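For reference, the structure is listed below as structure tokens.
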Amino acid sequence: MTGAVAPVDLPTTTMGQRGVWASLRKRPVFWICSAVLALLVVVALVPQLFAGLFGQPDPRACQLGDSSQPPSATHVFGTDLQGCDIYANVIYGTSTSIFIGVLTTVLCLAIAIVLGTIAGYVGGVLDRLISRLTDVFLGFPFLLGAIVVLNSVGGRSPVMVALVLAFFSWPTMARLVRGAVRGVKGTEYVQAAQAMGIPDSRILARHVVPNSIGPVMAIAATMVGSVIVAESTLTFLGVGLQSPSISWGLQLSNAQSYFSSAPHMLLFPSLFLSVTVLALITLGDILRDTLDPKGRR
Amino acid sequence: MQRSRLALVGAIAASALAITACSGGGGDTDAAASENAISYGTTDPQLLIPGRQSVAFDFNMAVWSPLTFLNNDGSLDYVAAESVETDDATTYTITLRDGWTFHDGTPVTAQSYVDSWNAVAYGPNAMENSGQLANIVGYADLNPAEGEPTTTEMSGLTVVDDTTFTVELSGPDGQFPLQVSQAMTAFYPMPETAMDDLDAYNVHPIGNGPFEIVDDYVENETIVVTAYEDFAGDEPTIDQISFVPYTDEATAYTDVLAGNLDVNGVPANRLTQAEGDFGDRLYSFEAPGISFLGLPLWDERYQDVRVRQAISMAIDRETIIDVVYGGTYEPATAWTPTIEPGTPEGICGEYCEYDPEAAAALLEEAGGFEGTMEIYFPGGGGLDPLYEAIANQLRQNLGIEATIDPSADWAEFLATRTAGDIDSPYFSRWGALYPSQQATLRVFFIQGGGCDNCIPFYSDEVAAAMATADADPSGDGTAYADVQELIQAEFPAVPLFNETYSYVTSERIAELVTSPVGNPTLREIVLAD
């Protein structure tokens with residue numbers, strides 16, 4: 001759940017520093033995660049290149065007569081209840097899942113940076129207002145809220161699901177940004193810039209935002225993973241994506257009833273889901289560790 | 001958690017599970033008494049009484065006895081009635097058997113029936129099943145279009161003596177004896193006390209059937225009924241039935257598999273595995289239910305009859321039945337389910353047979369199909385696999401860009417369909433309460449028949465033919481073939497399947513007995529030794 005992205009101690013170093021990259025590139029896990037993610041991103045961008053690898057390029061070419069077949073030479077991952085090739089579906093599902101994960105996170109980041117910066121930099125009444133607003137959203141049970149909203153909207157396209165997820169996920173990140181901005185605001189170079197009479201907009205753009213965004217990026221990587229899980233959870237519960245969308249959550253949801261008779265229908269989408277989420281969360285952890293060596297436990 | 005534990009405790013207590021190895025401690029007298037008891041999985045009914053229930057058919061058929069009972073071979077038995085006779089198919093004389101009593105000891109008289117039917121039909125009582133009585137003269141007086149009714153009695157009902165009364169129908173109807181059969185619960189009798197306080201009666205229903213309710217009904221708790229000692233009809237084969245409520249049918253299914261529950265219906269998504277799980281303890285009963293693919297006849301793309309026929313021919317019913325329904329359904333070949341007597345099997349002919357090439361050619365001849373198709377159906381009910389399969393076949397066989405579009409819930413679907421606000425094929429099915437072609441044809445093809453816009457094809461010609469067939473005194477249903485021919489020529493929808501209702505039983509049940517309404521006849525259930 002995105003709600004589970006726990007507020008963390010904020011790293012004080014920033015992405016731009018040379019030491020970060022040097023430390024990152026020495027860690028093999030970083031390279032493994034990056035390679036896995038790079039591959040998944042390529043798959044997501046051009047699924048048609050990969051889907052055809054085993055001779056079944058069309059995820060919607062389904063022969064009902066071939067229903068629920070176990071993996072074979074023709075269908076490497078087997079077929080689902082409708083007789084569709086599971087491999088092609090999993091490949092096309094990557095697109096949807098990663099699209100939703102990235103779109104939601106970008107939306108959250110955008111809201112969080114704007115609101116967090118205002119709250120952290122301007123302070124005063126605005127800070128209190130924004131902070132209470134995030135409190136209200138954090139106090140709302142995420143799953144319940146998402147189910148209610150998704151049940152009341154009409155067509156549930158990937159964009160709609162991403163919007164709903166973003167609607168409930170931005171507050172955690174906004175708090176992080178606010179904290180980071182407050183930290184940077186107190187530094188001497190910012191105070192110096194203020195003393196020199198440089199306009200606030202320029203201080204924000206040149207000094208505050210670039211220096212506070214680094215630690216947030218680490219959390220964002222973790223968040224993409226959480227969002228993908230959240231989308232699958234909602235879809236599994238029947239309130240997320242709907243056919244004709246192709247997504248891992250939808251495949252899991254369709255396969256659950258037939259688990260005892262055709263477990264392969266459940267296995268492959270969940271395998272891809274787990275690997276993707278594991279890679280994203282590990283990457284987020286590594287980034288955080290590197291940015292904040294003191295925070296390692 | 002609390003609820004399911006209660007349900008489980010109830011099931012265990014009532015059915016005295018045959019897990020002999022686990023039943024520690026002797027001298028348990030309850031266990032001996034309930035050896036002839038079974039437990040039966042249900043949805044929590046809320047409404048129990050005959051005029052209002054919608055998911056308590058099995059409870060009703062246990063606690064009440066119908067006037068007539070239709071057997072599997074199509075013959076009609078008289079249960080609470082001694083005879084149902086007519087000379088002109090318009091006025092029926094019902095003679096009751098002597099000596100029948102309600103569970104509270106009061107006698108069942110002709111007056112009980114007349115009072116009950118009046119109470120059910122009385123508009124302000126807002127009884128859900130009152131429509132079953134709509135053909136009786138005077139029904140309209142109790143249900144005026146606006147305002148309060150000026151009378152509380154239907155003029156078509158006349159008490160002759162204690163055991164005889166007459167029913168006058170608004171038009172000749174040879175199927176009336178079937179309309180008072182087992183599943184038409186609105187025709188069940190209620191004792192005099194019920195009429196004073198219908199809400200209290202719903203908590204503790206009193207009927208004239210083989211079983212009486214033990215305790216007051218409490219929501220989401222097991223309902224236990226035991227054999228009524230002074231029952232005047234045939235003695236049931238079991239002493240006690242516990243109706244155990246489940247919110248998830250899949251849980252109930254698993255409980256039957258584990259032996260914690262004796263009988264339960266099979267949820268749609270377990271049909272494919274039920275035979276493997278239960279073998280010959282899976283019963284699929286032929287039922288008077290039929291599925292169509294409804295077509296939006298108000299959309300100009302569906303005006304050409306060839307388009308409608310092409311859609312029908314592009315659907316591979318056999319394979320869908322095998323994959324989605326575990327082979328338990330039968331492809332429809334007529335406009336009513338085969339179990340309804342006199343159904344002209346095969347009237348649909350080649351148009352109900354899978355022939356993708358011919359379908360594509362026919363569509364081509366009709367000028368093709370423009371735009372997309374989003375098959376609309378109630379979401380959340382496990383119907384997705386069926387409509388996804390149909391959409392895939394239409395896409396692959398006819399080249400139509402077909403997808404599925406489940407509604408948020410049943411209420412939304414119903415409102416949309418009733419308003420006729422759909423531009424794609426849609427869900428359309430009906431399970432009749434008495435196996436007569438009349439029951440199916442009336443709801444689908446007579447305006448206001450009960451399934452609005454299920455098949456939006458209402459013509460005076462069909463209505464006239466229906467009236468003629470209804471009046472046919474033979475009552476064997478052959479007269480409805482003429483109606484079906486009119487419909488076949490127009491081909492207003494796509495006949496899909498004759499439905500079956502499937503049940504699984506624990507090892508304690510030797511044989512589950514059914515009747516043509518598709519439900520098990522619990523009072524005739526055969527227990528294993």
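Labeling convention for the structure tokens: chains A, B, ... as they appear, residues from 1 per chain, ligands from 1 in order of appearance.
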
Neighbour list for Leu126 (chain A) as a ChimeraX atom specification, cut-off 12 Å, only C-alpha atoms, skip fewer than 5 positions in-chain = /A:115-121,131-133,178

Within 8 Å of Met466 (chain B), counting only C-alpha atoms, which residues qualify if same-chain residues fewer than 3 places away don't, as JSON, numbers by chain?
-> {"B": [438, 442, 462, 463, 469, 470, 480, 483]}

Give me, as a ChimeraX atom specification, the contact residues of chain B against chain A at a cut-off of 8 Å, counting only C-alpha atoms.
-> /B:269-270,273,319-320,323,380,385,388-389,392,396,403-405,408

Take the residues just selected and output them with N, CA and C atoms as a compact mmCIF listing (two decimals), in the first residue's frame.
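Now in part14.txt:
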# COMPACT_ATOMS: atom_id res chain seq x y z
N ASN B 269 -18.10 -19.72 -10.69
CA ASN B 269 -16.67 -19.91 -10.93
C ASN B 269 -16.14 -21.22 -10.36
N ARG B 270 -17.02 -22.07 -9.81
CA ARG B 270 -16.60 -23.40 -9.37
C ARG B 270 -17.16 -24.50 -10.27
N GLN B 273 -14.70 -26.92 -11.90
CA GLN B 273 -13.96 -27.88 -11.09
C GLN B 273 -14.88 -28.79 -10.27
N THR B 319 -18.52 -24.66 -26.87
CA THR B 319 -17.23 -24.44 -26.23
C THR B 319 -17.37 -23.54 -25.00
N ILE B 320 -18.21 -22.50 -25.12
CA ILE B 320 -18.42 -21.63 -23.97
C ILE B 320 -18.97 -22.43 -22.79
N VAL B 323 -16.13 -24.49 -21.29
CA VAL B 323 -15.08 -23.75 -20.61
C VAL B 323 -15.61 -22.98 -19.40
N GLY B 380 -19.63 -7.77 -11.12
CA GLY B 380 -19.54 -8.32 -9.77
C GLY B 380 -20.28 -9.61 -9.56
N PRO B 385 -16.31 -13.89 -17.46
CA PRO B 385 -15.76 -14.87 -18.40
C PRO B 385 -16.70 -15.15 -19.56
N GLU B 388 -16.76 -12.08 -21.91
CA GLU B 388 -15.46 -11.91 -22.54
C GLU B 388 -15.30 -12.92 -23.67
N ALA B 389 -15.76 -14.15 -23.42
CA ALA B 389 -15.67 -15.17 -24.46
C ALA B 389 -16.52 -14.79 -25.67
N ASN B 392 -14.76 -11.99 -27.55
CA ASN B 392 -13.62 -12.51 -28.31
C ASN B 392 -14.09 -13.18 -29.59
N GLN B 396 -13.24 -12.09 -33.36
CA GLN B 396 -12.45 -12.94 -34.24
C GLN B 396 -13.24 -13.47 -35.43
N THR B 403 -15.74 -5.52 -27.05
CA THR B 403 -15.14 -5.64 -25.73
C THR B 403 -16.28 -5.79 -24.71
N ILE B 404 -15.90 -5.90 -23.43
CA ILE B 404 -16.96 -6.00 -22.42
C ILE B 404 -17.02 -4.74 -21.58
N ASP B 405 -18.20 -4.49 -21.02
CA ASP B 405 -18.41 -3.29 -20.23
C ASP B 405 -19.31 -3.63 -19.04
N ALA B 408 -21.38 -1.17 -12.66
CA ALA B 408 -20.85 -1.15 -11.30
C ALA B 408 -21.57 -2.18 -10.44

Excluding same-chain residues fewer than 4 positions from Tyr139 (chain B), what lies within 10 Å of it counting only C-alpha atoms, as a ChimeraX atom specification?
-> /B:117-118,121-123,130-131,133-135,143-144,152-156,169-170

Contacts of Leu363 (chain B) at 10 Å or less, counting only C-alpha atoms, minus same-chain residues fewer than 4 places along, as a ChimeraX atom specification?
-> /B:304-311,357-359,367-369,398

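Distance check against Ser34 (chain A) using only C-alpha atoms: of A:Pro269, A:Gly101, A:Gly284, A:Pro141, the minimum falls on A:Gly284.
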
Where in region 79-191 of chain B does DSSP assign helix (DSSP H, G or I), given as a ChimeraX atom specification?
-> /B:110-121,123-125,130-133,139-142,176-179,185-187

Dump of N, CA and C atoms for the selected residues, as a short mmCIF file (atom, residue, chain, number, x, y, z; two decimals), in the first residue's frame:
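Final file, result-v5.cif:
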data_model
loop_
_atom_site.label_atom_id
_atom_site.label_comp_id
_atom_site.auth_asym_id
_atom_site.auth_seq_id
_atom_site.Cartn_x
_atom_site.Cartn_y
_atom_site.Cartn_z
N ALA B 110 -60.52 -22.46 2.87
CA ALA B 110 -60.61 -21.66 1.64
C ALA B 110 -60.45 -20.18 1.98
N GLN B 111 -61.00 -19.80 3.16
CA GLN B 111 -60.90 -18.40 3.57
C GLN B 111 -59.43 -18.01 3.78
N SER B 112 -58.60 -18.94 4.32
CA SER B 112 -57.18 -18.62 4.51
C SER B 112 -56.53 -18.24 3.19
N TYR B 113 -56.84 -19.04 2.15
CA TYR B 113 -56.24 -18.75 0.84
C TYR B 113 -56.70 -17.39 0.32
N VAL B 114 -58.00 -17.17 0.37
CA VAL B 114 -58.54 -15.93 -0.19
C VAL B 114 -57.97 -14.72 0.56
N ASP B 115 -57.93 -14.82 1.90
CA ASP B 115 -57.38 -13.70 2.69
C ASP B 115 -55.90 -13.47 2.36
N SER B 116 -55.15 -14.56 2.26
CA SER B 116 -53.72 -14.44 1.97
C SER B 116 -53.48 -13.78 0.62
N TRP B 117 -54.20 -14.27 -0.38
CA TRP B 117 -53.99 -13.72 -1.73
C TRP B 117 -54.37 -12.24 -1.77
N ASN B 118 -55.45 -11.90 -1.07
CA ASN B 118 -55.85 -10.49 -1.01
C ASN B 118 -54.76 -9.65 -0.34
N ALA B 119 -54.20 -10.18 0.74
CA ALA B 119 -53.17 -9.42 1.46
C ALA B 119 -51.93 -9.23 0.59
N VAL B 120 -51.58 -10.28 -0.16
CA VAL B 120 -50.39 -10.18 -1.02
C VAL B 120 -50.64 -9.19 -2.15
N ALA B 121 -51.85 -9.22 -2.69
CA ALA B 121 -52.15 -8.36 -3.84
C ALA B 121 -52.40 -6.91 -3.44
N GLY B 123 -52.14 -3.39 -2.78
CA GLY B 123 -51.08 -2.45 -3.15
C GLY B 123 -50.29 -1.87 -2.00
N PRO B 124 -50.96 -1.26 -1.01
CA PRO B 124 -50.23 -0.61 0.09
C PRO B 124 -49.33 -1.57 0.88
N ASN B 125 -49.58 -2.88 0.83
CA ASN B 125 -48.68 -3.82 1.51
C ASN B 125 -47.34 -3.95 0.79
N SER B 130 -46.32 -9.77 -5.53
CA SER B 130 -47.75 -9.65 -5.80
C SER B 130 -48.07 -9.81 -7.28
N GLY B 131 -47.11 -9.53 -8.15
CA GLY B 131 -47.32 -9.65 -9.59
C GLY B 131 -47.77 -11.04 -10.02
N GLN B 132 -47.43 -12.07 -9.21
CA GLN B 132 -47.84 -13.43 -9.56
C GLN B 132 -49.36 -13.57 -9.59
N LEU B 133 -50.05 -12.66 -8.89
CA LEU B 133 -51.51 -12.74 -8.80
C LEU B 133 -52.21 -11.82 -9.79
N TYR B 139 -57.45 -7.58 -9.30
CA TYR B 139 -56.09 -7.22 -8.89
C TYR B 139 -55.84 -5.74 -9.13
N ALA B 140 -56.35 -5.24 -10.26
CA ALA B 140 -56.14 -3.83 -10.61
C ALA B 140 -56.78 -2.91 -9.58
N ASP B 141 -57.93 -3.34 -9.00
CA ASP B 141 -58.60 -2.50 -8.00
C ASP B 141 -57.75 -2.32 -6.76
N LEU B 142 -56.94 -3.35 -6.44
CA LEU B 142 -56.09 -3.26 -5.25
C LEU B 142 -54.80 -2.52 -5.55
N PHE B 176 -53.17 -22.04 -15.64
CA PHE B 176 -53.36 -21.64 -14.24
C PHE B 176 -52.96 -22.73 -13.22
N PRO B 177 -53.31 -24.00 -13.45
CA PRO B 177 -52.90 -25.02 -12.47
C PRO B 177 -51.39 -25.06 -12.25
N LEU B 178 -50.61 -24.71 -13.29
CA LEU B 178 -49.16 -24.65 -13.13
C LEU B 178 -48.75 -23.42 -12.33
N GLN B 179 -49.57 -22.36 -12.44
CA GLN B 179 -49.21 -21.12 -11.75
C GLN B 179 -49.36 -21.24 -10.24
N THR B 185 -44.66 -18.75 -4.91
CA THR B 185 -44.90 -18.66 -3.48
C THR B 185 -46.01 -17.69 -3.11
N ALA B 186 -46.34 -16.73 -3.99
CA ALA B 186 -47.38 -15.77 -3.65
C ALA B 186 -48.74 -16.46 -3.46
N PHE B 187 -48.85 -17.71 -3.96
CA PHE B 187 -50.13 -18.43 -3.83
C PHE B 187 -50.19 -19.29 -2.57
#

Name the residues in contact with Gly371 (chain B) at a cut-off of 10 Å, using only C-alpha atoms, excluding same-chain residues fewer than 3 positions from it; report them as a ChimeraX atom specification.
-> /B:301,400-402

Sel. of strand (DSSP E or B) residues, region 169-397 of chain B, as an mmCIF file with N, CA, C and O atoms, in the first residue's frame:
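Final output, saved to selection-v2.cif:
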data_model
loop_
_atom_site.group_PDB
_atom_site.id
_atom_site.type_symbol
_atom_site.label_atom_id
_atom_site.label_comp_id
_atom_site.auth_asym_id
_atom_site.auth_seq_id
_atom_site.Cartn_x
_atom_site.Cartn_y
_atom_site.Cartn_z
ATOM 1 N N LEU B 169 -60.284 -15.467 -13.613
ATOM 2 C CA LEU B 169 -59.123 -14.824 -14.229
ATOM 3 C C LEU B 169 -59.573 -13.767 -15.230
ATOM 4 O O LEU B 169 -60.687 -13.841 -15.757
ATOM 5 N N PHE B 211 -42.450 -28.770 7.218
ATOM 6 C CA PHE B 211 -41.520 -28.358 8.267
ATOM 7 C C PHE B 211 -41.998 -27.063 8.922
ATOM 8 O O PHE B 211 -42.579 -26.208 8.266
ATOM 9 N N GLU B 212 -41.719 -26.933 10.241
ATOM 10 C CA GLU B 212 -42.046 -25.683 10.916
ATOM 11 C C GLU B 212 -40.768 -25.049 11.452
ATOM 12 O O GLU B 212 -39.812 -25.741 11.826
ATOM 13 N N ILE B 213 -40.765 -23.718 11.498
ATOM 14 C CA ILE B 213 -39.585 -23.004 11.965
ATOM 15 C C ILE B 213 -39.507 -23.160 13.483
ATOM 16 O O ILE B 213 -40.515 -23.153 14.185
ATOM 17 N N ILE B 223 -31.257 -20.723 10.176
ATOM 18 C CA ILE B 223 -32.689 -20.961 10.399
ATOM 19 C C ILE B 223 -32.884 -22.473 10.469
ATOM 20 O O ILE B 223 -32.504 -23.202 9.548
ATOM 21 N N VAL B 224 -33.449 -22.942 11.572
ATOM 22 C CA VAL B 224 -33.675 -24.376 11.725
ATOM 23 C C VAL B 224 -35.164 -24.654 11.589
ATOM 24 O O VAL B 224 -35.991 -24.001 12.225
ATOM 25 N N VAL B 225 -35.500 -25.616 10.751
ATOM 26 C CA VAL B 225 -36.894 -26.051 10.649
ATOM 27 C C VAL B 225 -36.935 -27.546 10.958
ATOM 28 O O VAL B 225 -36.032 -28.292 10.578
ATOM 29 N N THR B 226 -37.971 -27.958 11.695
ATOM 30 C CA THR B 226 -38.108 -29.389 12.010
ATOM 31 C C THR B 226 -39.434 -29.894 11.461
ATOM 32 O O THR B 226 -40.355 -29.118 11.189
ATOM 33 N N ALA B 227 -39.516 -31.196 11.293
ATOM 34 C CA ALA B 227 -40.722 -31.801 10.725
ATOM 35 C C ALA B 227 -41.931 -31.459 11.593
ATOM 36 O O ALA B 227 -41.874 -31.530 12.818
ATOM 37 N N GLN B 240 -35.146 -32.630 9.933
ATOM 38 C CA GLN B 240 -34.716 -31.268 10.258
ATOM 39 C C GLN B 240 -33.826 -30.714 9.147
ATOM 40 O O GLN B 240 -32.995 -31.421 8.582
ATOM 41 N N ILE B 241 -34.023 -29.430 8.847
ATOM 42 C CA ILE B 241 -33.156 -28.749 7.879
ATOM 43 C C ILE B 241 -32.636 -27.481 8.539
ATOM 44 O O ILE B 241 -33.404 -26.729 9.138
ATOM 45 N N SER B 242 -31.323 -27.258 8.436
ATOM 46 C CA SER B 242 -30.755 -25.996 8.902
ATOM 47 C C SER B 242 -30.352 -25.188 7.676
ATOM 48 O O SER B 242 -29.547 -25.649 6.874
ATOM 49 N N PHE B 243 -30.921 -24.002 7.542
ATOM 50 C CA PHE B 243 -30.538 -23.123 6.435
ATOM 51 C C PHE B 243 -29.422 -22.215 6.944
ATOM 52 O O PHE B 243 -29.664 -21.326 7.763
ATOM 53 N N VAL B 244 -28.205 -22.473 6.478
ATOM 54 C CA VAL B 244 -27.040 -21.762 6.995
ATOM 55 C C VAL B 244 -26.694 -20.620 6.047
ATOM 56 O O VAL B 244 -26.453 -20.858 4.865
ATOM 57 N N PRO B 245 -26.708 -19.383 6.534
ATOM 58 C CA PRO B 245 -26.419 -18.265 5.632
ATOM 59 C C PRO B 245 -24.923 -18.103 5.374
ATOM 60 O O PRO B 245 -24.106 -18.219 6.293
ATOM 61 N N VAL B 263 -25.639 -29.537 1.670
ATOM 62 C CA VAL B 263 -26.061 -29.221 0.304
ATOM 63 C C VAL B 263 -25.811 -27.744 0.043
ATOM 64 O O VAL B 263 -26.072 -26.903 0.907
ATOM 65 N N ASN B 264 -25.314 -27.429 -1.138
ATOM 66 C CA ASN B 264 -25.187 -26.028 -1.530
ATOM 67 C C ASN B 264 -25.178 -25.910 -3.043
ATOM 68 O O ASN B 264 -24.764 -26.834 -3.739
ATOM 69 N N GLY B 265 -25.632 -24.769 -3.526
ATOM 70 C CA GLY B 265 -25.554 -24.499 -4.951
ATOM 71 C C GLY B 265 -24.094 -24.288 -5.351
ATOM 72 O O GLY B 265 -23.267 -23.933 -4.522
ATOM 73 N N LEU B 282 -22.157 -34.171 -7.613
ATOM 74 C CA LEU B 282 -22.552 -32.929 -8.291
ATOM 75 C C LEU B 282 -23.840 -33.208 -9.044
ATOM 76 O O LEU B 282 -23.930 -34.164 -9.809
ATOM 77 N N TYR B 283 -24.856 -32.414 -8.771
ATOM 78 C CA TYR B 283 -26.142 -32.587 -9.447
ATOM 79 C C TYR B 283 -26.415 -31.335 -10.267
ATOM 80 O O TYR B 283 -26.383 -30.224 -9.732
ATOM 81 N N SER B 284 -26.653 -31.519 -11.567
ATOM 82 C CA SER B 284 -27.033 -30.378 -12.395
ATOM 83 C C SER B 284 -28.466 -30.581 -12.839
ATOM 84 O O SER B 284 -28.750 -31.467 -13.637
ATOM 85 N N PHE B 285 -29.358 -29.787 -12.293
ATOM 86 C CA PHE B 285 -30.772 -29.964 -12.576
ATOM 87 C C PHE B 285 -31.213 -29.062 -13.714
ATOM 88 O O PHE B 285 -30.951 -27.858 -13.694
ATOM 89 N N GLU B 286 -31.881 -29.665 -14.678
ATOM 90 C CA GLU B 286 -32.440 -28.883 -15.769
ATOM 91 C C GLU B 286 -33.452 -27.906 -15.173
ATOM 92 O O GLU B 286 -34.284 -28.289 -14.352
ATOM 93 N N ALA B 287 -33.342 -26.644 -15.546
ATOM 94 C CA ALA B 287 -34.177 -25.628 -14.916
ATOM 95 C C ALA B 287 -34.905 -24.822 -15.980
ATOM 96 O O ALA B 287 -34.486 -24.779 -17.137
ATOM 97 N N PRO B 288 -36.005 -24.184 -15.602
ATOM 98 C CA PRO B 288 -36.731 -23.389 -16.598
ATOM 99 C C PRO B 288 -36.096 -22.012 -16.795
ATOM 100 O O PRO B 288 -36.785 -21.008 -16.883
ATOM 101 N N GLY B 289 -34.768 -21.964 -16.844
ATOM 102 C CA GLY B 289 -34.074 -20.700 -17.059
ATOM 103 C C GLY B 289 -33.447 -20.675 -18.445
ATOM 104 O O GLY B 289 -32.974 -21.698 -18.935
ATOM 105 N N ILE B 290 -33.468 -19.528 -19.090
ATOM 106 C CA ILE B 290 -32.858 -19.409 -20.416
ATOM 107 C C ILE B 290 -32.071 -18.102 -20.485
ATOM 108 O O ILE B 290 -32.476 -17.087 -19.918
ATOM 109 N N SER B 291 -30.902 -18.170 -21.138
ATOM 110 C CA SER B 291 -30.070 -16.979 -21.324
ATOM 111 C C SER B 291 -30.139 -16.532 -22.772
ATOM 112 O O SER B 291 -30.025 -17.357 -23.681
ATOM 113 N N PHE B 292 -30.309 -15.243 -22.944
ATOM 114 C CA PHE B 292 -30.216 -14.653 -24.278
ATOM 115 C C PHE B 292 -29.079 -13.648 -24.279
ATOM 116 O O PHE B 292 -28.605 -13.216 -23.216
ATOM 117 N N LEU B 293 -28.644 -13.271 -25.478
ATOM 118 C CA LEU B 293 -27.845 -12.064 -25.600
ATOM 119 C C LEU B 293 -28.831 -11.013 -26.120
ATOM 120 O O LEU B 293 -29.306 -11.117 -27.251
ATOM 121 N N GLY B 294 -29.182 -10.068 -25.242
ATOM 122 C CA GLY B 294 -30.135 -9.040 -25.642
ATOM 123 C C GLY B 294 -29.508 -8.126 -26.682
ATOM 124 O O GLY B 294 -28.304 -7.886 -26.658
ATOM 125 N N GLU B 330 -26.942 -26.389 -21.530
ATOM 126 C CA GLU B 330 -27.225 -26.923 -22.857
ATOM 127 C C GLU B 330 -27.401 -25.750 -23.807
ATOM 128 O O GLU B 330 -28.002 -24.736 -23.423
ATOM 129 N N PRO B 331 -26.926 -25.850 -25.042
ATOM 130 C CA PRO B 331 -27.168 -24.755 -25.986
ATOM 131 C C PRO B 331 -28.674 -24.598 -26.225
ATOM 132 O O PRO B 331 -29.388 -25.591 -26.302
ATOM 133 N N THR B 372 -18.029 0.158 -32.713
ATOM 134 C CA THR B 372 -17.599 -0.844 -31.747
ATOM 135 C C THR B 372 -18.807 -1.421 -31.016
ATOM 136 O O THR B 372 -19.930 -0.960 -31.155
ATOM 137 N N MET B 373 -18.504 -2.439 -30.229
ATOM 138 C CA MET B 373 -19.543 -3.138 -29.478
ATOM 139 C C MET B 373 -18.995 -3.329 -28.069
ATOM 140 O O MET B 373 -17.906 -3.867 -27.908
ATOM 141 N N GLU B 374 -19.703 -2.841 -27.073
ATOM 142 C CA GLU B 374 -19.245 -3.026 -25.694
ATOM 143 C C GLU B 374 -20.331 -3.763 -24.935
ATOM 144 O O GLU B 374 -21.291 -3.169 -24.470
ATOM 145 N N ILE B 375 -20.181 -5.067 -24.839
ATOM 146 C CA ILE B 375 -21.235 -5.902 -24.265
ATOM 147 C C ILE B 375 -21.439 -5.529 -22.801
ATOM 148 O O ILE B 375 -20.509 -5.543 -22.000
ATOM 149 N N TYR B 376 -22.679 -5.175 -22.496
ATOM 150 C CA TYR B 376 -23.004 -4.605 -21.181
ATOM 151 C C TYR B 376 -23.694 -5.652 -20.311
ATOM 152 O O TYR B 376 -24.614 -6.328 -20.750
ATOM 153 N N PHE B 377 -23.214 -5.796 -19.071
ATOM 154 C CA PHE B 377 -23.814 -6.783 -18.168
ATOM 155 C C PHE B 377 -23.556 -6.360 -16.731
ATOM 156 O O PHE B 377 -22.689 -5.547 -16.463
#

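We find CA of Gly327 (chain B) and CA of Ser506 (chain B) to be spaced 21.5 Å apart.
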
Please provide as a PyMOL selection string all residues within 12 Å of Tyr503 (chain B), with the sequence filter that same-chain residues fewer than 2 positions apart are discarded (counting only C-alpha atoms).
-> chain B and resi 40-42+249+252-253+256-257+262-268+270-271+274-275+278-286+328+500-501+505-506+509+511-514+518-521

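Straight-line separation from CA of Leu496 (chain B) to CA of Asp384 (chain B): 15.5 Å.
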
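Of the residues under consideration (A:Ile213, A:Ala73, A:Ala35, A:Val181), A:Val181 shows the shortest atom-to-atom contact distance to Gly123 (chain A) when counting only C-alpha atoms.
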
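Shortest atom-to-atom contact with Val42 (chain A) among A:Val125, A:Val229, A:Leu176, A:Ile98: A:Ile98, counting only C-alpha atoms.
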
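For the pair CA of Met223 (chain A) and CA of Arg175 (chain A), the separation is 14.3 Å.
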
Long-range neighbours of Leu271 (chain A) as a PyMOL selection string, 12 Å cut-off, only C-alpha atoms, 2 positions minimum in chain | chain A and resi 77+87+90+94+248-249+251-252+264-269+273-278
